[in-house]
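Heads up, start.tsv below (TSV, C-alpha atoms):
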chain	number	residue	atom	x	y	z
A	1	MET	CA	125.75	69.03	-35.23
A	2	LYS	CA	127.00	65.60	-34.14
A	3	LYS	CA	129.10	67.27	-31.43
A	4	GLU	CA	125.97	69.07	-30.18
A	5	ALA	CA	124.10	65.77	-29.98
A	6	ARG	CA	126.96	64.11	-28.08
A	7	ASP	CA	127.19	67.04	-25.69
A	8	LEU	CA	123.44	66.96	-25.07
A	9	ALA	CA	123.48	63.20	-24.43
A	10	ARG	CA	126.36	63.72	-21.97
A	11	GLU	CA	124.37	66.49	-20.28
A	12	PHE	CA	121.38	64.17	-19.84
A	13	LYS	CA	123.62	61.61	-18.16
A	14	THR	CA	125.08	64.25	-15.84
A	15	PHE	CA	121.60	65.41	-14.86
A	16	LEU	CA	120.59	61.85	-14.08
A	17	ALA	CA	123.64	61.35	-11.86
A	18	ASN	CA	123.41	64.66	-10.00
A	19	ASN	CA	119.73	65.56	-9.80
A	20	GLU	CA	116.36	64.15	-8.90
A	21	GLU	CA	114.56	62.06	-11.50
A	22	GLU	CA	112.13	64.94	-12.08
A	23	ASP	CA	114.98	67.17	-13.24
A	24	PHE	CA	116.27	64.49	-15.58
A	25	ILE	CA	112.89	63.80	-17.11
A	26	MET	CA	112.29	67.48	-17.75
A	27	LYS	CA	115.71	67.83	-19.38
A	28	ALA	CA	115.53	64.64	-21.43
A	29	GLY	CA	111.96	65.38	-22.48
A	30	ALA	CA	112.94	68.72	-23.96
A	31	ALA	CA	115.48	67.10	-26.35
A	32	LYS	CA	116.50	70.44	-27.84
A	33	THR	CA	119.29	72.98	-27.67
A	34	PRO	CA	118.79	75.88	-25.24
A	35	ALA	CA	119.06	78.36	-28.13
A	36	SER	CA	115.96	76.94	-29.82
A	37	SER	CA	113.63	78.60	-27.32
A	38	THR	CA	115.04	82.06	-28.05
A	39	MET	CA	115.64	81.81	-31.79
A	40	PRO	CA	114.92	85.09	-33.61
A	41	GLU	CA	111.90	84.84	-35.87
A	42	LYS	CA	113.88	85.43	-39.07
A	43	GLU	CA	116.78	83.15	-38.23
A	44	ASN	CA	117.28	80.12	-40.47
A	45	PRO	CA	115.63	77.18	-38.61
A	46	ALA	CA	118.12	74.74	-40.13
A	47	GLU	CA	120.94	76.48	-38.27
A	48	THR	CA	119.30	76.13	-34.86
A	49	ALA	CA	117.28	72.93	-35.21
A	50	ALA	CA	117.39	70.36	-32.42
A	51	PRO	CA	120.36	68.03	-32.92
A	52	SER	CA	119.64	64.58	-34.29
A	53	PHE	CA	120.72	61.72	-32.07
A	54	SER	CA	122.54	58.71	-33.45
A	55	ASP	CA	121.10	55.27	-32.69
A	56	GLY	CA	123.77	54.78	-30.06
A	57	GLU	CA	123.01	58.10	-28.38
A	58	LYS	CA	119.29	57.34	-28.37
A	59	ALA	CA	119.93	53.90	-26.87
A	60	GLU	CA	122.11	55.42	-24.16
A	61	ILE	CA	119.52	58.05	-23.21
A	62	LEU	CA	116.72	55.46	-23.20
A	63	ALA	CA	118.83	53.20	-20.98
A	64	GLU	CA	119.38	56.06	-18.54
A	65	THR	CA	115.64	56.76	-18.58
A	66	ALA	CA	114.96	53.07	-17.85
A	67	SER	CA	117.37	53.28	-14.92
A	68	ALA	CA	115.48	56.29	-13.55
A	69	ILE	CA	112.20	54.39	-13.97
A	70	ALA	CA	113.61	51.41	-12.06
A	71	ARG	CA	114.43	53.68	-9.10
A	72	CYS	CA	111.22	55.71	-9.21
A	73	GLN	CA	108.84	55.47	-6.26
A	74	ARG	CA	106.94	58.70	-6.77
A	75	CYS	CA	103.62	56.86	-6.58
A	76	PRO	CA	102.58	53.69	-4.69
A	77	LEU	CA	102.95	51.56	-7.84
A	78	GLY	CA	106.71	51.86	-7.43
A	79	THR	CA	106.57	50.19	-4.03
A	80	THR	CA	104.29	47.28	-4.97
A	81	ARG	CA	105.65	46.27	-8.39
A	82	ILE	CA	107.92	43.29	-8.96
A	83	LYS	CA	109.74	44.82	-11.91
A	84	ALA	CA	109.46	48.19	-13.62
A	85	VAL	CA	108.54	47.98	-17.31
A	86	PRO	CA	110.13	50.94	-19.11
A	87	GLY	CA	109.47	49.73	-22.66
A	88	GLU	CA	111.58	48.20	-25.39
A	89	GLY	CA	112.29	48.26	-29.09
A	90	ASN	CA	114.12	50.10	-31.82
A	91	PRO	CA	115.49	53.43	-30.50
A	92	ASN	CA	115.15	54.80	-34.03
A	93	ALA	CA	111.63	53.44	-34.54
A	94	ARG	CA	109.36	55.07	-37.06
A	95	LEU	CA	106.36	53.69	-35.15
A	96	MET	CA	105.53	53.41	-31.43
A	97	PHE	CA	102.77	51.45	-29.73
A	98	ILE	CA	101.66	52.77	-26.33
A	99	GLY	CA	99.32	50.95	-23.95
A	100	GLU	CA	98.02	51.80	-20.48
A	101	GLY	CA	100.21	49.82	-18.07
A	102	PRO	CA	101.94	46.50	-17.38
A	103	GLY	CA	99.98	43.42	-16.36
A	104	PHE	CA	100.91	40.26	-14.46
A	105	ASP	CA	103.29	38.82	-17.05
A	106	GLU	CA	104.93	42.17	-17.75
A	107	ASP	CA	105.41	42.82	-14.02
A	108	HIS	CA	107.20	39.48	-13.65
A	109	GLN	CA	109.36	39.80	-16.76
A	110	GLY	CA	110.02	43.54	-16.87
A	111	ARG	CA	109.01	43.70	-20.55
A	112	PRO	CA	105.93	45.25	-22.19
A	113	PHE	CA	103.19	43.20	-23.86
A	114	VAL	CA	104.52	39.68	-23.26
A	115	GLY	CA	101.31	37.95	-22.16
A	116	ARG	CA	98.34	36.89	-24.30
A	117	ALA	CA	97.62	40.49	-25.24
A	118	GLY	CA	101.26	40.89	-26.23
A	119	GLN	CA	101.09	37.85	-28.47
A	120	LEU	CA	98.10	39.40	-30.24
A	121	LEU	CA	99.95	42.71	-30.56
A	122	ASP	CA	102.85	40.86	-32.20
A	123	LYS	CA	100.38	39.47	-34.76
A	124	MET	CA	98.96	42.94	-35.38
A	125	ILE	CA	102.45	44.30	-35.99
A	126	GLU	CA	103.28	41.41	-38.32
A	127	ALA	CA	100.01	41.95	-40.21
A	128	MET	CA	101.33	45.44	-41.00
A	129	GLY	CA	104.40	43.87	-42.58
A	130	LEU	CA	106.63	44.81	-39.64
A	131	GLN	CA	108.47	42.96	-36.87
A	132	ARG	CA	108.37	43.67	-33.15
A	133	GLY	CA	112.05	44.64	-33.20
A	134	GLU	CA	111.36	47.40	-35.73
A	135	VAL	CA	108.97	49.34	-33.47
A	136	PHE	CA	109.07	50.65	-29.90
A	137	ILE	CA	106.50	49.40	-27.37
A	138	ALA	CA	105.74	51.09	-24.06
A	139	ASN	CA	102.95	52.07	-21.64
A	140	MET	CA	101.62	55.24	-20.06
A	141	VAL	CA	102.65	53.97	-16.60
A	142	LYS	CA	105.71	51.85	-16.00
A	143	CYS	CA	104.59	49.73	-13.05
A	144	HIS	CA	101.78	47.20	-12.60
A	145	PRO	CA	98.49	48.71	-11.34
A	146	MET	CA	96.84	46.02	-9.20
A	147	ILE	CA	93.41	45.69	-7.64
A	148	ASP	CA	95.01	44.01	-4.61
A	149	ALA	CA	98.59	45.23	-4.31
A	150	THR	CA	99.30	42.80	-1.46
A	151	ASP	CA	99.09	39.77	-3.77
A	152	THR	CA	101.53	40.12	-6.66
A	153	GLU	CA	101.14	36.43	-7.58
A	154	LYS	CA	97.41	36.67	-8.22
A	155	ARG	CA	96.27	36.56	-11.85
A	156	GLY	CA	93.34	38.67	-12.93
A	157	ASN	CA	94.57	41.33	-10.52
A	158	ASP	CA	95.05	44.06	-13.13
A	159	ARG	CA	93.31	47.43	-13.17
A	160	PRO	CA	93.60	50.58	-15.28
A	161	PRO	CA	96.01	53.19	-13.90
A	162	SER	CA	94.48	56.14	-12.09
A	163	LEU	CA	94.65	59.69	-13.40
A	164	GLU	CA	97.12	60.53	-10.62
A	165	GLU	CA	99.36	57.58	-11.50
A	166	ILE	CA	99.36	58.60	-15.16
A	167	ALA	CA	100.16	62.20	-14.26
A	168	LEU	CA	103.11	61.19	-12.05
A	169	CYS	CA	104.50	58.84	-14.70
A	170	ARG	CA	103.68	60.90	-17.78
A	171	LYS	CA	107.06	62.58	-18.22
A	172	PHE	CA	108.74	59.19	-18.67
A	173	ILE	CA	106.71	58.28	-21.77
A	174	GLU	CA	106.95	61.84	-23.08
A	175	SER	CA	110.74	61.84	-22.75
A	176	GLN	CA	110.88	58.49	-24.59
A	177	ILE	CA	108.76	59.90	-27.42
A	178	ALA	CA	110.93	63.02	-27.63
A	179	VAL	CA	114.16	61.00	-27.80
A	180	ILE	CA	112.93	58.32	-30.23
A	181	ARG	CA	111.10	60.89	-32.37
A	182	PRO	CA	108.77	58.46	-34.14
A	183	GLN	CA	106.69	59.61	-37.06
A	184	TYR	CA	103.64	57.64	-35.91
A	185	ILE	CA	102.14	56.39	-32.63
A	186	VAL	CA	99.34	53.91	-32.01
A	187	ALA	CA	97.49	54.51	-28.74
A	188	LEU	CA	96.21	51.12	-27.59
A	189	GLY	CA	92.94	51.42	-25.71
A	190	GLY	CA	90.91	54.22	-24.20
A	191	VAL	CA	93.30	55.05	-21.35
A	192	ALA	CA	96.28	55.68	-23.63
A	193	ALA	CA	94.15	57.39	-26.28
A	194	LYS	CA	92.50	59.80	-23.85
A	195	SER	CA	95.83	60.52	-22.16
A	196	LEU	CA	97.72	61.26	-25.38
A	197	ILE	CA	95.06	62.70	-27.70
A	198	LYS	CA	91.97	64.02	-25.96
A	199	ASP	CA	89.86	63.18	-22.94
A	200	THR	CA	86.87	61.78	-24.75
A	201	SER	CA	85.58	58.36	-25.78
A	202	LEU	CA	87.70	55.89	-27.72
A	203	SER	CA	84.97	55.63	-30.34
A	204	ALA	CA	85.20	59.40	-30.94
A	205	LEU	CA	88.97	59.19	-31.40
A	206	ARG	CA	89.11	56.14	-33.66
A	207	GLY	CA	89.08	56.45	-37.44
A	208	LYS	CA	91.04	59.70	-37.47
A	209	VAL	CA	94.70	60.71	-37.67
A	210	HIS	CA	95.55	63.15	-34.89
A	211	GLU	CA	98.51	65.43	-34.31
A	212	LEU	CA	100.38	64.61	-31.10
A	213	GLU	CA	101.10	67.33	-28.56
A	214	LEU	CA	103.11	66.70	-25.38
A	215	ASP	CA	102.86	68.43	-22.02
A	216	SER	CA	106.49	68.28	-20.91
A	217	ALA	CA	108.50	67.88	-24.11
A	218	ASP	CA	109.04	69.68	-27.39
A	219	LEU	CA	108.68	67.59	-30.53
A	220	ASP	CA	111.07	68.06	-33.43
A	221	GLY	CA	108.54	67.86	-36.23
A	222	SER	CA	105.11	66.34	-36.65
A	223	VAL	CA	104.08	63.10	-34.92
A	224	LYS	CA	100.83	61.49	-36.08
A	225	ILE	CA	98.82	59.39	-33.64
A	226	ILE	CA	95.84	57.09	-34.07
A	227	ALA	CA	93.71	55.28	-31.51
A	228	THR	CA	92.55	51.69	-31.62
A	229	TYR	CA	91.43	48.93	-29.28
A	230	HIS	CA	93.80	47.48	-26.72
A	231	PRO	CA	94.77	43.88	-27.61
A	232	ALA	CA	93.34	42.72	-24.25
A	233	ALA	CA	89.98	44.19	-25.25
A	234	LEU	CA	90.18	42.35	-28.57
A	235	LEU	CA	90.70	39.09	-26.72
A	236	ARG	CA	87.56	39.76	-24.69
A	237	ASN	CA	85.60	40.99	-27.71
A	238	PRO	CA	86.85	39.25	-30.90
A	239	ASN	CA	84.16	41.00	-32.97
A	240	TRP	CA	86.17	44.23	-32.55
A	241	LYS	CA	89.15	42.79	-34.42
A	242	LYS	CA	87.74	43.83	-37.79
A	243	ASP	CA	87.46	47.44	-36.63
A	244	ALA	CA	90.99	47.34	-35.19
A	245	TRP	CA	92.28	46.08	-38.55
A	246	GLU	CA	90.57	49.01	-40.28
A	247	ASP	CA	92.41	51.34	-37.90
A	248	LEU	CA	95.73	49.71	-38.75
A	249	LYS	CA	95.02	49.86	-42.49
A	250	MET	CA	94.34	53.58	-42.15
A	251	LEU	CA	97.74	53.91	-40.48
A	252	MET	CA	99.41	51.78	-43.14
A	253	ARG	CA	98.09	54.09	-45.84
A	254	GLU	CA	99.54	57.03	-43.92
A	255	MET	CA	102.89	55.23	-43.64
A	256	ASN	CA	102.86	54.08	-47.28
A	257	LEU	CA	102.97	50.44	-46.22
A	258	LYS	CA	101.58	47.73	-48.46
A	259	ILE	CA	98.21	46.47	-47.30
A	260	PRO	CA	97.90	42.67	-47.66
A	261	GLY	CA	95.63	41.60	-50.51
A	262	LYS	CA	96.04	44.87	-52.44

Encoded form using structure tokens:
Amino acid sequence: MKKEARDLAREFKTFLANNEEEDFIMKAGAAKTPASSTMPEKENPAETAAPSFSDGEKAEILAETASAIARCQRCPLGTTRIKAVPGEGNPNARLMFIGEGPGFDEDHQGRPFVGRAGQLLDKMIEAMGLQRGEVFIANMVKCHPMIDATDTEKRGNDRPPSLEEIALCRKFIESQIAVIRPQYIVALGGVAAKSLIKDTSLSALRGKVHELELDSADLDGSVKIIATYHPAALLRNPNWKKDAWEDLKMLMREMNLKIPGK
């Protein structure tokens, strides 16, 4: 099984070197052996299950994905960004946080959630008894959506990504999910929640544990996903913080994490 995983990781790297990014994303997003799609119904699933990647293999594939993101110009965001923001964290994370897109600080640093909203997200993660380095943090789109793309040094120039931008970038986040294989995902804000769970209101999605389904990748096992407010929205509306904490406590119960004060 380890040999299969190494061979598959090597195959991903070859695809990245010899094909267009689209081909790589499709291949990396699948994260399974070719035989799995044609497995006889009565065959033992344990004998044909998708190979498990080691931490090193996951890190290598994620690095190659980040390299593809850095070169990507499939939508105008790729031509106006300062730095691509692929995401960062533990390649073997049990939990992922996914927002909508990078802002000013993220665009300048090339890292997700490093501004004021990122500082609040760090506190939310710590309130769960975790550290930032234990989870993986990313966004639906990997480049900064700006109101005025001609002025990259202007603050307050952020906007939500368009449906087209999300669609063109979607396979990147789906391939990351498929490689990391987290057990749980937190969709931060309405854009991420509607993109990953269902196109409806954030209020309708909150307070429930959903089962994740991907468009371009096969998941090896169940991935649970919840929706909550984006940290930037909590900064604008502090009265929502109590509700966001209830969402996180619901997740903590699912993850068997100790809730403070209990």

*Interatomic distance, CA of Ala232 (chain A) to CA of Gly156 (chain A) (Å, one decimal)*: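 Distance between the two atoms: 12.0 Å.
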
*Would you mind telling me which residue in A:Ala167, A:Ala84, A:Ala127, A:Ile180 lies nearest to Ser52 (chain A) when using only C-alpha atoms?*
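Distance minimum relative to Ser52 (chain A) lands on A:Ile180.
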
_I need the residue nearest Arg71 (chain A) from this list: A:Cys143, A:Ala178, A:Ala227, A:Phe97. Use only C-alpha atoms for the distance._
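Residue with the minimum atom-to-atom distance to Arg71 (chain A): A:Cys143.
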
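Excluding Glu165 (chain A) itself and any same-chain residue fewer than 3 positions from it, the protein and nucleic acid residues within 8 Å of it, counting only C-alpha atoms, are A:Cys75, A:Leu77, A:Val141, A:Pro161, A:Ser162, A:Leu168, A:Cys169.
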
_Atomic distance CA of Trp245 (chain A) - CA of Lys224 (chain A), expressed in Å with one decimal_ =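 Going from CA of Trp245 (chain A) over to CA of Lys224 (chain A), I get 17.8 Å.
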
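With all atoms listed in the file as the atoms that count, the minimum distance from Glu174 (chain A) to the choices A:Asn256, A:Gln131, A:Ser216, A:Thr80 is reached by A:Ser216.
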
_Nearest to Thr152 (chain A), chosen from A:Arg111, A:Lys83, A:Lys208, A:Arg94, with only C-alpha atoms counted in the distances_ =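 Of all the options, A:Lys83 lies closest to Thr152 (chain A).
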
*In terms of the shortest atom-to-atom distance over only C-alpha atoms, which of A:Ala117, A:Asn139, A:Glu64, A:Gly56 is closest to Arg236 (chain A)?*
A:Ala117

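Nearest to Asp199 (chain A) of all the residues A:Leu163, A:Gly99, A:Pro86, A:Ser67 is A:Leu163, based on all atoms listed in the file.
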
*Once you count all atoms listed in the file, which residues end up no further than 12 Å from (107.0, 43.1, -21.3) in the file's frame, shown as a PyMOL selection string?*
chain A and resi 83-89+99+101-119+121-122+132+136-139+142-144

*Could you give me, as a count of residues only, the residues within 12 Å of Gln183 (chain A), counting all atoms listed in the file and dropping anything in the same chain fewer than 3 positions from it?*
27

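As for CA of Gly133 (chain A) and CA of Asn90 (chain A), they are spaced 6.0 Å apart.
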
For region 137-156 of chain A, take all atoms listed in the file, fit an axis-aligned box around them, add 8 Å to each of the six sides, then output centre and edge lengths in Å rounded to one decimal, as JSON.
{"center_x": 99.9, "center_y": 45.8, "center_z": -14.4, "size_x": 29.2, "size_y": 34.8, "size_z": 41.9}

*Neighbours of Leu62 (chain A) within 8 Å (only C-alpha atoms; same-chain residues fewer than 2 positions away dropped), as an MDAnalysis selection string?*
chainID A and resid 58:60 64:66 91 176 179
